[in-house]
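Text of protein38.csv (CSV, C-alpha atoms) as supplied:
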```csv
chain,number,residue,atom,x,y,z
T,1,MET,CA,-129.5,165.8,-44.3
T,2,SER,CA,-127.5,163.8,-46.8
T,3,ASN,CA,-129.1,160.8,-48.5
T,4,GLN,CA,-126.7,160.9,-51.4
T,5,ALA,CA,-122.9,160.6,-51.9
T,6,GLY,CA,-121.9,160.8,-55.6
T,7,GLN,CA,-124.4,158.6,-57.4
T,8,ALA,CA,-124.9,156.4,-54.3
T,9,TYR,CA,-128.1,156.8,-52.2
T,10,ALA,CA,-128.9,155.9,-48.6
T,11,PHE,CA,-132.5,155.0,-47.9
T,12,MET,CA,-134.0,154.1,-44.6
T,13,ALA,CA,-137.6,153.3,-43.7
T,14,ILE,CA,-139.1,152.4,-40.3
T,15,THR,CA,-142.4,150.7,-40.3
T,16,PRO,CA,-144.5,149.3,-37.4
T,17,ILE,CA,-145.1,145.6,-37.4
T,18,LEU,CA,-148.6,144.3,-36.8
T,19,GLU,CA,-149.1,142.8,-33.4
T,20,GLY,CA,-148.5,139.1,-33.5
T,21,GLU,CA,-146.9,139.2,-36.9
T,22,GLU,CA,-143.3,139.6,-35.8
T,23,LYS,CA,-142.4,135.9,-35.6
T,24,LYS,CA,-143.8,135.2,-39.1
T,25,LEU,CA,-141.9,138.2,-40.5
T,26,ARG,CA,-138.7,137.2,-38.8
T,27,ALA,CA,-139.0,133.6,-40.0
T,28,TYR,CA,-139.6,134.9,-43.6
T,29,LEU,CA,-136.6,137.2,-43.5
T,30,ASP,CA,-134.4,134.6,-41.9
T,31,GLY,CA,-135.1,132.3,-44.8
T,32,PHE,CA,-133.2,134.4,-47.4
T,33,THR,CA,-129.7,133.5,-48.5
T,34,GLN,CA,-127.4,135.4,-50.7
T,35,GLU,CA,-128.8,133.6,-53.7
T,36,THR,CA,-132.4,133.9,-52.8
T,37,SER,CA,-132.2,137.4,-51.5
T,38,PRO,CA,-134.7,139.8,-53.1
T,39,PHE,CA,-131.8,142.2,-53.5
T,40,ALA,CA,-130.1,139.8,-55.9
T,41,GLY,CA,-132.9,140.8,-58.3
T,42,LEU,CA,-132.3,144.5,-57.7
T,43,PRO,CA,-129.1,145.1,-59.6
T,44,ALA,CA,-128.6,148.6,-58.2
T,45,THR,CA,-128.2,147.4,-54.6
T,46,HIS,CA,-124.7,147.5,-53.1
T,47,PHE,CA,-125.6,146.7,-49.5
T,48,ALA,CA,-129.0,146.3,-47.9
T,49,ARG,CA,-130.6,144.9,-44.7
T,50,TRP,CA,-133.8,144.3,-42.8
T,51,VAL,CA,-133.6,144.6,-39.1
T,52,ILE,CA,-136.3,144.1,-36.5
T,53,LEU,CA,-136.3,146.5,-33.6
T,54,PRO,CA,-138.2,144.9,-30.7
T,55,ASP,CA,-137.8,148.0,-28.5
T,56,TRP,CA,-135.4,150.7,-27.7
T,57,VAL,CA,-132.2,149.8,-25.9
T,58,ASP,CA,-132.2,152.2,-23.0
T,59,ASP,CA,-129.1,153.3,-21.1
T,60,PRO,CA,-129.3,153.0,-17.3
T,61,SER,CA,-128.1,156.6,-17.1
T,62,GLN,CA,-131.2,158.0,-18.9
T,63,PRO,CA,-133.5,159.8,-16.5
T,64,ARG,CA,-136.5,158.1,-18.1
T,65,GLN,CA,-136.8,154.8,-19.9
T,66,ASP,CA,-138.5,154.8,-23.3
T,67,HIS,CA,-140.6,152.1,-24.8
T,68,LEU,CA,-142.0,151.6,-28.3
T,69,GLY,CA,-145.7,150.9,-28.8
T,70,SER,CA,-144.9,148.0,-31.1
T,71,GLU,CA,-142.0,146.3,-32.8
T,72,TYR,CA,-140.6,148.0,-35.9
T,73,LEU,CA,-139.1,146.8,-39.2
T,74,ILE,CA,-136.1,148.8,-40.3
T,75,PHE,CA,-135.1,148.7,-43.9
T,76,THR,CA,-131.9,150.3,-45.2
T,77,SER,CA,-130.3,150.2,-48.6
T,78,ASN,CA,-127.2,151.6,-50.2
T,79,PHE,CA,-127.8,151.7,-53.9
T,80,ASP,CA,-127.3,153.4,-57.3
T,81,GLY,CA,-129.7,156.2,-57.7
T,82,PRO,CA,-132.1,157.6,-58.5
T,83,LEU,CA,-134.4,156.8,-55.6
T,84,GLY,CA,-137.6,156.7,-57.4
T,85,SER,CA,-136.7,154.0,-59.9
T,86,TYR,CA,-135.1,151.9,-57.2
T,87,LEU,CA,-138.2,152.0,-55.1
T,88,ASP,CA,-140.3,151.2,-58.2
T,89,GLU,CA,-138.3,148.1,-58.8
T,90,LEU,CA,-138.3,147.1,-55.1
T,91,CYS,CA,-142.0,147.5,-54.8
T,92,ARG,CA,-142.6,145.2,-57.8
T,93,ARG,CA,-140.8,142.3,-56.0
T,94,PRO,CA,-143.1,139.7,-54.5
T,95,GLU,CA,-140.9,139.5,-51.5
T,96,ALA,CA,-141.5,143.1,-50.7
T,97,GLN,CA,-145.3,142.5,-50.8
T,98,GLU,CA,-144.9,139.6,-48.4
T,99,ILE,CA,-142.6,141.6,-46.0
T,100,TRP,CA,-144.6,144.8,-45.7
T,101,SER,CA,-147.9,143.0,-45.5
T,102,HIS,CA,-146.9,142.3,-41.9
T,103,CYS,CA,-146.7,146.1,-41.2
T,104,VAL,CA,-149.4,148.5,-40.0
T,105,GLY,CA,-150.7,150.9,-42.6
T,106,ALA,CA,-149.2,149.0,-45.6
T,107,PRO,CA,-151.5,148.9,-48.7
T,108,LYS,CA,-153.3,145.7,-49.5
T,109,PRO,CA,-151.8,144.3,-51.5
T,110,ALA,CA,-148.4,145.8,-50.5
T,111,THR,CA,-147.1,146.4,-53.9
T,112,GLY,CA,-146.6,149.0,-56.7
T,113,HIS,CA,-146.9,152.7,-56.3
T,114,LEU,CA,-149.0,152.4,-53.1
T,115,LEU,CA,-146.2,150.5,-51.4
T,116,LYS,CA,-143.7,153.1,-52.7
T,117,ALA,CA,-145.8,155.9,-51.2
T,118,TYR,CA,-145.9,153.9,-47.9
T,119,LEU,CA,-142.1,153.6,-47.8
T,120,LEU,CA,-141.6,157.2,-48.6
T,121,HIS,CA,-144.0,158.2,-45.8
T,122,ASN,CA,-142.0,156.1,-43.4
T,123,HIS,CA,-138.6,157.3,-44.7
T,124,ILE,CA,-136.1,158.8,-42.3
T,125,ASP,CA,-133.5,161.2,-43.7
T,126,THR,CA,-129.8,160.4,-43.3
T,127,GLY,CA,-127.7,162.9,-41.4
T,128,PHE,CA,-124.3,161.9,-42.8
T,129,PHE,CA,-123.5,159.3,-45.4
T,130,VAL,CA,-120.1,158.0,-46.3
T,131,ALA,CA,-119.3,156.0,-49.4
T,132,ALA,CA,-115.8,154.7,-50.2
T,133,TYR,CA,-116.5,154.7,-54.0
T,134,PRO,CA,-119.4,157.0,-54.4
T,135,ASP,CA,-119.3,157.3,-58.2
T,136,ALA,CA,-119.1,153.5,-59.0
T,137,SER,CA,-122.3,151.6,-59.8
T,138,VAL,CA,-122.7,148.0,-58.8
T,139,GLU,CA,-122.3,147.1,-62.4
T,140,LYS,CA,-119.0,149.0,-62.6
T,141,VAL,CA,-117.7,147.5,-59.3
T,142,ARG,CA,-118.5,143.9,-60.4
T,143,ALA,CA,-117.0,144.4,-63.9
T,144,SER,CA,-113.9,146.0,-62.4
T,145,LEU,CA,-113.5,143.1,-59.9
T,146,ALA,CA,-113.9,140.6,-62.7
T,147,LEU,CA,-111.3,142.4,-64.8
T,148,ARG,CA,-108.9,142.6,-61.9
T,149,GLU,CA,-109.2,138.8,-61.4
T,150,ARG,CA,-108.6,138.1,-65.1
T,151,LEU,CA,-105.6,140.5,-65.2
T,152,SER,CA,-104.0,138.9,-62.1
T,153,ALA,CA,-104.5,135.4,-63.5
T,154,PHE,CA,-103.0,136.6,-66.8
T,155,ALA,CA,-100.0,138.1,-65.1
T,156,VAL,CA,-99.2,134.8,-63.5
T,157,ARG,CA,-99.9,132.8,-66.6
T,158,SER,CA,-97.8,135.0,-68.9
T,159,GLN,CA,-94.7,134.7,-66.9
T,160,GLY,CA,-91.9,133.3,-69.1
T,161,MET,CA,-93.7,133.9,-72.4
T,162,ASP,CA,-91.6,135.2,-75.2
T,163,PRO,CA,-92.6,138.7,-76.5
T,164,ALA,CA,-94.6,137.5,-79.5
T,165,THR,CA,-96.6,134.9,-77.5
T,166,LEU,CA,-97.2,137.5,-74.7
T,167,GLN,CA,-98.6,140.1,-77.1
T,168,SER,CA,-100.7,137.6,-78.9
T,169,ALA,CA,-102.0,136.1,-75.6
T,170,PHE,CA,-102.7,139.6,-74.2
T,171,ASN,CA,-104.7,140.6,-77.3
T,172,ALA,CA,-106.7,137.4,-77.2
T,173,GLU,CA,-107.5,137.9,-73.5
T,174,PHE,CA,-108.1,141.7,-73.4
T,175,GLY,CA,-108.7,142.6,-77.0
T,176,GLY,CA,-105.7,144.9,-77.2
O,177,MET,CA,-104.0,160.3,-28.6
O,178,SER,CA,-104.0,156.5,-28.8
O,179,GLU,CA,-103.1,154.7,-25.6
O,180,GLU,CA,-102.7,151.3,-27.2
O,181,SER,CA,-101.0,150.0,-30.3
O,182,PRO,CA,-103.1,150.1,-33.5
O,183,PRO,CA,-104.8,146.9,-34.4
O,184,THR,CA,-103.3,144.5,-37.0
O,185,ALA,CA,-105.0,144.1,-40.4
O,186,PRO,CA,-108.3,142.3,-40.3
O,187,ILE,CA,-108.6,139.0,-42.0
O,188,THR,CA,-112.1,137.8,-42.5
O,189,ALA,CA,-115.6,138.5,-41.3
O,190,THR,CA,-115.6,137.4,-37.7
O,191,GLY,CA,-116.8,138.4,-34.3
O,192,THR,CA,-120.5,139.0,-34.9
O,193,ALA,CA,-123.8,137.0,-35.5
O,194,SER,CA,-123.9,135.1,-38.7
O,195,ARG,CA,-126.9,137.1,-39.9
O,196,ASN,CA,-124.7,140.2,-39.9
O,197,VAL,CA,-122.3,138.6,-42.3
O,198,ASP,CA,-122.4,138.1,-46.1
O,199,GLY,CA,-119.1,136.7,-47.4
O,200,GLN,CA,-116.4,139.2,-46.3
O,201,ALA,CA,-119.0,141.9,-45.5
O,202,ILE,CA,-120.3,142.7,-42.0
O,203,ALA,CA,-123.3,144.8,-41.0
O,204,ILE,CA,-123.3,146.9,-37.9
O,205,THR,CA,-126.6,148.4,-36.8
O,206,VAL,CA,-126.6,150.5,-33.6
O,207,PHE,CA,-129.1,152.8,-31.9
O,208,SER,CA,-128.1,155.0,-29.0
O,209,SER,CA,-130.3,157.4,-27.0
O,210,VAL,CA,-129.3,161.1,-27.3
O,211,LYS,CA,-129.2,163.8,-24.6
O,212,TRP,CA,-131.3,166.9,-25.2
O,213,PHE,CA,-128.4,169.0,-26.5
O,214,GLY,CA,-127.6,166.3,-29.1
O,215,ARG,CA,-130.8,167.4,-30.8
O,216,LEU,CA,-129.0,170.6,-31.5
O,217,TRP,CA,-125.4,169.4,-31.7
O,218,LEU,CA,-125.8,166.4,-34.1
O,219,PRO,CA,-127.5,168.4,-36.9
O,220,LEU,CA,-124.6,170.8,-36.7
O,221,VAL,CA,-122.1,168.0,-36.9
O,222,PHE,CA,-123.9,166.5,-39.9
O,223,TRP,CA,-124.0,169.9,-41.6
O,224,TYR,CA,-120.3,170.5,-41.0
O,225,ALA,CA,-119.3,167.0,-42.2
O,226,ASN,CA,-121.4,167.3,-45.3
O,227,HIS,CA,-120.2,170.8,-46.3
O,228,PHE,CA,-116.5,170.3,-45.3
O,229,PRO,CA,-115.7,166.7,-46.5
O,230,LYS,CA,-112.0,167.2,-45.7
O,231,SER,CA,-113.0,167.2,-42.0
O,232,THR,CA,-113.9,163.6,-42.3
O,233,GLY,CA,-110.9,162.6,-44.4
O,234,THR,CA,-109.7,160.1,-41.7
O,235,LEU,CA,-113.0,158.3,-42.0
O,236,ALA,CA,-112.6,158.0,-45.7
O,237,ARG,CA,-109.2,156.6,-45.3
O,238,LEU,CA,-110.4,153.7,-43.2
O,239,SER,CA,-109.9,151.2,-46.0
O,240,PHE,CA,-112.4,148.7,-44.8
O,241,ILE,CA,-115.7,150.7,-44.9
O,242,HIS,CA,-117.8,150.4,-48.0
O,243,PHE,CA,-120.7,152.5,-46.8
O,244,ALA,CA,-121.6,154.0,-43.5
O,245,ARG,CA,-124.3,156.4,-42.2
O,246,TRP,CA,-125.4,158.3,-39.1
O,247,THR,CA,-129.0,159.4,-38.7
O,248,LEU,CA,-130.8,161.3,-36.0
O,249,VAL,CA,-134.2,159.8,-35.5
O,250,ARG,CA,-136.4,162.5,-33.9
O,251,ARG,CA,-139.8,161.0,-34.7
O,252,ILE,CA,-141.3,157.8,-35.8
O,253,PRO,CA,-143.7,158.3,-38.7
O,254,TYR,CA,-147.4,157.6,-37.9
O,255,ASN,CA,-149.5,155.3,-40.1
O,256,GLY,CA,-152.8,155.4,-38.2
O,257,PRO,CA,-154.3,152.8,-35.8
O,258,PRO,CA,-153.5,150.2,-34.6
O,259,GLN,CA,-150.0,151.9,-34.5
O,260,GLN,CA,-149.6,153.9,-31.3
O,261,LYS,CA,-148.3,157.4,-31.8
O,262,GLU,CA,-144.7,157.2,-30.6
O,263,LYS,CA,-143.5,159.9,-28.3
O,264,LEU,CA,-139.7,159.8,-28.1
O,265,SER,CA,-138.4,161.1,-24.8
O,266,TYR,CA,-135.0,161.1,-26.4
O,267,PRO,CA,-134.0,161.2,-30.1
O,268,ARG,CA,-132.0,158.2,-31.2
O,269,LEU,CA,-128.8,158.1,-33.1
O,270,PHE,CA,-128.8,155.4,-35.8
O,271,PHE,CA,-125.5,154.2,-37.0
O,272,GLU,CA,-125.0,151.7,-39.8
O,273,SER,CA,-121.8,150.4,-41.4
O,274,ASN,CA,-121.1,147.9,-44.2
O,275,PHE,CA,-117.5,146.9,-43.8
O,276,ASN,CA,-115.1,144.0,-44.2
O,277,GLY,CA,-112.7,142.4,-41.7
O,278,GLY,CA,-113.5,141.4,-38.1
O,279,TRP,CA,-115.9,143.1,-35.8
O,280,GLU,CA,-113.3,143.5,-33.0
O,281,GLU,CA,-110.7,144.9,-35.4
O,282,TYR,CA,-113.3,147.3,-36.8
O,283,ILE,CA,-114.1,148.8,-33.4
O,284,ASP,CA,-110.4,148.8,-32.5
O,285,ALA,CA,-109.6,150.8,-35.6
O,286,PHE,CA,-112.5,153.2,-35.1
O,287,SER,CA,-111.4,153.8,-31.5
O,288,HIS,CA,-107.7,154.2,-32.3
O,289,ILE,CA,-107.9,156.2,-35.5
O,290,LEU,CA,-111.1,158.2,-35.1
O,291,THR,CA,-110.8,158.8,-31.4
O,292,SER,CA,-111.8,162.5,-31.5
O,293,GLY,CA,-114.3,161.9,-34.3
O,294,MET,CA,-116.2,159.3,-32.3
O,295,LYS,CA,-116.6,161.8,-29.4
O,296,VAL,CA,-118.1,164.2,-31.9
O,297,PHE,CA,-120.7,161.7,-33.1
O,298,TRP,CA,-121.4,159.8,-29.9
O,299,GLY,CA,-120.5,162.3,-27.2
O,300,THR,CA,-124.1,163.3,-26.7
O,301,SER,CA,-125.3,159.7,-26.4
O,302,TYR,CA,-126.3,158.4,-22.9
O,303,GLY,CA,-123.8,155.9,-21.6
O,304,PHE,CA,-121.1,156.6,-24.2
O,305,PRO,CA,-117.7,155.7,-22.7
O,306,GLN,CA,-114.6,157.2,-24.1
O,307,PRO,CA,-113.3,155.4,-27.3
O,308,LEU,CA,-110.2,154.3,-25.4
O,309,PRO,CA,-109.6,151.9,-23.9
O,310,THR,CA,-111.6,149.9,-26.3
O,311,GLY,CA,-113.1,147.3,-23.9
O,312,PRO,CA,-115.9,149.5,-22.5
O,313,PHE,CA,-116.7,150.9,-25.9
O,314,LYS,CA,-117.0,147.5,-27.4
O,315,ALA,CA,-119.4,146.5,-24.6
O,316,TYR,CA,-121.4,149.7,-25.3
O,317,ILE,CA,-121.7,148.9,-29.0
O,318,LYS,CA,-122.6,145.2,-28.2
O,319,ARG,CA,-125.3,146.4,-25.8
O,320,ASN,CA,-126.8,148.8,-28.4
O,321,GLU,CA,-126.3,146.7,-31.5
O,322,LEU,CA,-129.2,145.0,-33.4
O,323,GLU,CA,-128.8,141.8,-35.4
O,324,ALA,CA,-129.9,142.0,-39.0
O,325,SER,CA,-132.6,139.6,-40.0
O,326,HIS,CA,-131.3,139.7,-43.5
O,327,PHE,CA,-128.1,141.3,-44.8
O,328,TYR,CA,-127.0,141.5,-48.4
O,329,SER,CA,-123.9,142.5,-50.3
O,330,ALA,CA,-123.8,142.6,-54.1
O,331,TYR,CA,-120.1,141.5,-54.1
O,332,PRO,CA,-119.7,139.6,-50.9
O,333,GLN,CA,-116.2,138.3,-51.5
O,334,ALA,CA,-114.7,141.7,-52.2
O,335,THR,CA,-113.1,143.8,-49.5
O,336,THR,CA,-113.2,147.6,-49.8
O,337,THR,CA,-109.5,147.6,-50.7
O,338,MET,CA,-110.2,145.1,-53.5
O,339,VAL,CA,-113.0,147.2,-54.9
O,340,LEU,CA,-110.9,150.4,-54.9
O,341,ALA,CA,-107.9,148.5,-56.5
O,342,ALA,CA,-110.2,147.1,-59.2
O,343,LEU,CA,-111.7,150.5,-59.9
O,344,ASP,CA,-108.2,152.0,-60.2
O,345,LEU,CA,-107.0,149.2,-62.4
O,346,ALA,CA,-109.6,149.2,-65.1
O,347,PRO,CA,-108.8,152.7,-66.6
O,348,ARG,CA,-105.1,152.0,-66.4
O,349,LEU,CA,-105.5,148.8,-68.4
O,350,GLU,CA,-107.5,150.8,-71.0
O,351,ARG,CA,-104.7,153.4,-71.2
O,352,PHE,CA,-102.1,150.6,-71.5
O,353,LYS,CA,-104.0,149.0,-74.4
O,354,GLU,CA,-104.1,152.4,-76.2
O,355,GLN,CA,-100.5,153.1,-75.6
O,356,THR,CA,-99.3,149.7,-76.8
O,357,SER,CA,-101.5,149.4,-79.8
O,358,GLY,CA,-99.4,148.9,-83.0
O,359,LYS,CA,-96.2,148.4,-81.1
O,360,THR,CA,-93.7,145.6,-81.9
O,361,ALA,CA,-93.8,142.5,-79.7
O,362,GLU,CA,-90.5,143.5,-78.0
O,363,ASP,CA,-91.7,147.0,-77.2
O,364,PHE,CA,-95.0,145.6,-76.0
O,365,ALA,CA,-93.2,143.1,-73.6
O,366,GLN,CA,-91.1,146.0,-72.2
O,367,ASP,CA,-94.2,148.1,-71.6
O,368,TRP,CA,-96.1,145.1,-70.1
O,369,ARG,CA,-93.3,144.6,-67.5
O,370,LYS,CA,-93.5,148.3,-66.7
O,371,PHE,CA,-97.3,148.2,-66.4
O,372,LEU,CA,-97.1,145.3,-64.0
O,373,GLU,CA,-94.5,147.2,-61.8
O,374,GLU,CA,-96.8,150.2,-61.7
O,375,THR,CA,-100.0,148.3,-61.0
O,376,GLN,CA,-98.7,145.6,-58.7
O,377,GLY,CA,-100.3,147.3,-55.7
O,378,SER,CA,-103.7,147.0,-57.3
O,379,LEU,CA,-103.4,143.4,-58.6
```
Once more with this new file: its structure as C-alpha cells, please.
Amino acid sequence: MSNQAGQAYAFMAITPILEGEEKKLRAYLDGFTQETSPFAGLPATHFARWVILPDWVDDPSQPRQDHLGSEYLIFTSNFDGPLGSYLDELCRRPEAQEIWSHCVGAPKPATGHLLKAYLLHNHIDTGFFVAAYPDASVEKVRASLALRERLSAFAVRSQGMDPATLQSAFNAEFGG
Amino acid sequence: MSEESPPTAPITATGTASRNVDGQAIAITVFSSVKWFGRLWLPLVFWYANHFPKSTGTLARLSFIHFARWTLVRRIPYNGPPQQKEKLSYPRLFFESNFNGGWEEYIDAFSHILTSGMKVFWGTSYGFPQPLPTGPFKAYIKRNELEASHFYSAYPQATTTMVLAALDLAPRLERFKEQTSGKTAEDFAQDWRKFLEETQGSL
C-alpha cells in the first residue's frame, strides 16, 4: 500500500448511505461551488471529491453480477500531510457533519474525534499513488504560481527600460 | 507500439460532465471488476511500482497529471445494521486521476504513451479492451466512470505544467537576487537578460 508520496497523502473512505437519504445528500453536495466548497477552508487540500456510488458497474463478461446492499459515499482527498491533523480539521467542518450524518454508522452528531474514527474505520488503503510535485505543499504551489505571474508581468513591463530604471523597478517588485 | 499518431496538446477542461471539472482540472473516477488472479497480480504490481519508481517514469512524465491513484478494493468496511455486509464476488480496481486538458486527449495520451503500463494495471479487469485503438477503451472507461458530486482543486486555473514551471522558477529567482545583489545597473541588466533567456521555458 502507498498512501503517501513525498509529503502528499492520498486518503479514501467508503461509507454506506442511509436508505432514502441519497437524494438529500446528492442535493447538498451538488450545491457546493469552488468558493463555497468545504475544502476551500481546508488549506492543505490539493484536490478532493465526493462521489456517490449507486451500485457496481458490472461487465457483461463477468460470470456473476454483483450488487451492493446500499448506495455508498466515496470520499477521496490529495492533501499535505500528516493525515491525523488533516482529518481533525475536516471533522470540525460543519459541512462534514451534514454530509456524514446521511451515512450508516456515523456518530451523532457526526463531528470531531468520533467522526475521525468513523472515517478511519471506513478507510481503504491506496495501492499506488502518483504525485507530479510530491514535496510541494498547497501553500508553496500557490505562492510559486503567484510569483511566476508577477515575474511574467514584470518581464513584459520592463522591456525597453534603461539599466538603472530596470534595477530599481526589480528591487521594488521583488525586494532584490 | 502505437498504431495511431500521438494526440495534440490538450487545451482546456472538456469532454466530461461539468461536476467533474473545476477550472482547468478534471476528475476521473473509475471502478472495474477484477478477475480472481488480479487479487494476486495487482498487489505485486503496486509493490513493484512503489519500490522501483523508475518503472513508472513514463507515467511521471505525463505532464498533465497532478495526482493519480490505483486501489484494489477487496472488502467494504462494515458499520453494523442497517448496513448489509457486502460480499464482493470480485475485487474492484479503483482509479482516480486529477489532471488538466481534455478528457478525450487524456485517454488518448494514456493509450498511446502508456500502452503496456495500462495492460499491467487493467489487464486483469473484466471487459478491458486493448488500449489501442482508443475507441473501445474510451467506451470502456465511460461505462465504468462515476460522476463526482463535488470536485475541488486548490488552484483550478493552473495546469500541471504551470505548477511545475512555477516551482522551478521560485528558487531560480532567489538565486538571481543573491547573485545580482550589489551589482551595478549595467551588470544587473546584463544578468537580467541572461536570466530571462534561461527561464523563458518556465515563464
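Using all atoms listed in the file, the smallest distance between any of O:Gly303, O:Pro229, O:Gly278, O:Gly311 and chain T comes from O:Gly303.
For the pair CA of Phe207 (chain O) and CA of Ile289 (chain O), the separation is 21.8 Å.
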All residues 8 Å or closer to region 375-378 of chain O, all atoms listed in the file, same chain fewer than 4 positions away omitted, as a short mmCIF file (atom, residue, chain, number, x, y, z; two decimals) with C-alpha atoms, in the coordinates of the input:
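The resulting result_31.cif:
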```cif
data_model
loop_
_atom_site.label_atom_id
_atom_site.label_comp_id
_atom_site.auth_asym_id
_atom_site.auth_seq_id
_atom_site.Cartn_x
_atom_site.Cartn_y
_atom_site.Cartn_z
CA MET O 338 -110.20 145.10 -53.50
CA ALA O 341 -107.90 148.50 -56.50
CA ALA O 342 -110.20 147.10 -59.20
CA ASP O 344 -108.20 152.00 -60.20
CA LEU O 345 -107.00 149.20 -62.40
CA PHE O 371 -97.30 148.20 -66.40
#
```
**OP:** Pull out every residue of chain T sitting within 6 Å of chain O, counting all atoms listed in the file, and send them as a ChimeraX atom specification.
**Re:** /T:29-30,46-51,59,69,105,122,126-132,144-145,148,152,163-164,167,176
Subject >> One-decimal distance in Å that lies between CA of Tyr9 (chain T) and CA of Asp80 (chain T) >> reply: 6.2 Å
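Shortest separation to Ile124 (chain T) among T:Phe75, T:Pro16, T:Lys23, T:Tyr28 occurs at residue T:Phe75, atoms counted being all atoms listed in the file.
With all atoms listed in the file as the atoms that count, the minimum distance from Gln306 (chain O) to the choices O:Thr234, O:Ser292, O:Gln200, O:Ser194 is reached by O:Ser292.
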Original post:
Which of these, T:Tyr86, T:Phe154, T:Phe32, T:Phe11, has the shortest distance to Ala172 (chain T) once you count all atoms listed in the file?
Top reply: T:Phe154
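Rounded to one decimal, CA of Thr45 (chain T) and CA of Met12 (chain T) lie 13.4 Å from each other.
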**OP:** Within 10 Å of Leu73 (chain T), counting only C-alpha atoms, which residues show up once you throw out same-chain ones fewer than 4 positions away? Write them as a PyMOL selection string, please.
**Re:** (chain T and resi 13-17+22+25-26+50-54+99-100+102-103) or (chain O and resi 325)
Subject >> Test item: which residues lie within 12 Å of (-115.3, 152.7, -24.5) counting only C-alpha atoms, as a PyMOL selection string >> reply: chain O and resi 283-284+286-288+291+294-295+298-299+303-319
Residue subset to file, keeping C-alpha atoms, as an mmCIF file, keeping the file's coordinate frame:
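Listing of selection-v8.cif after writing:
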```
data_model
loop_
_atom_site.group_PDB
_atom_site.id
_atom_site.type_symbol
_atom_site.label_atom_id
_atom_site.label_comp_id
_atom_site.auth_asym_id
_atom_site.auth_seq_id
_atom_site.Cartn_x
_atom_site.Cartn_y
_atom_site.Cartn_z
ATOM 1 C CA ILE O 283 -114.100 148.800 -33.400
ATOM 2 C CA ASP O 284 -110.400 148.800 -32.500
ATOM 3 C CA PHE O 286 -112.500 153.200 -35.100
ATOM 4 C CA SER O 287 -111.400 153.800 -31.500
ATOM 5 C CA HIS O 288 -107.700 154.200 -32.300
ATOM 6 C CA THR O 291 -110.800 158.800 -31.400
ATOM 7 C CA MET O 294 -116.200 159.300 -32.300
ATOM 8 C CA LYS O 295 -116.600 161.800 -29.400
ATOM 9 C CA TRP O 298 -121.400 159.800 -29.900
ATOM 10 C CA GLY O 299 -120.500 162.300 -27.200
ATOM 11 C CA GLY O 303 -123.800 155.900 -21.600
ATOM 12 C CA PHE O 304 -121.100 156.600 -24.200
ATOM 13 C CA PRO O 305 -117.700 155.700 -22.700
ATOM 14 C CA GLN O 306 -114.600 157.200 -24.100
ATOM 15 C CA PRO O 307 -113.300 155.400 -27.300
ATOM 16 C CA LEU O 308 -110.200 154.300 -25.400
ATOM 17 C CA PRO O 309 -109.600 151.900 -23.900
ATOM 18 C CA THR O 310 -111.600 149.900 -26.300
ATOM 19 C CA GLY O 311 -113.100 147.300 -23.900
ATOM 20 C CA PRO O 312 -115.900 149.500 -22.500
ATOM 21 C CA PHE O 313 -116.700 150.900 -25.900
ATOM 22 C CA LYS O 314 -117.000 147.500 -27.400
ATOM 23 C CA ALA O 315 -119.400 146.500 -24.600
ATOM 24 C CA TYR O 316 -121.400 149.700 -25.300
ATOM 25 C CA ILE O 317 -121.700 148.900 -29.000
ATOM 26 C CA LYS O 318 -122.600 145.200 -28.200
ATOM 27 C CA ARG O 319 -125.300 146.400 -25.800
#
```
Original post:
Do you know which residues are at most 8 Å from Thr111 (chain T) counting all atoms listed in the file, after dropping those on the same chain fewer than 2 positions away, and could you put them as a list in words?
Top reply: Cys91, Arg92, Arg93, Pro94, Ala96, Gln97, Pro107, Lys108, Pro109, His113, Leu114, Leu115 and Lys116 of chain T
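With all atoms listed in the file as the atoms that count, the residue of T:Asp135, T:Asp55, T:Asp125, T:Glu89 with the shortest distance to Ser70 (chain T) is T:Asp55.
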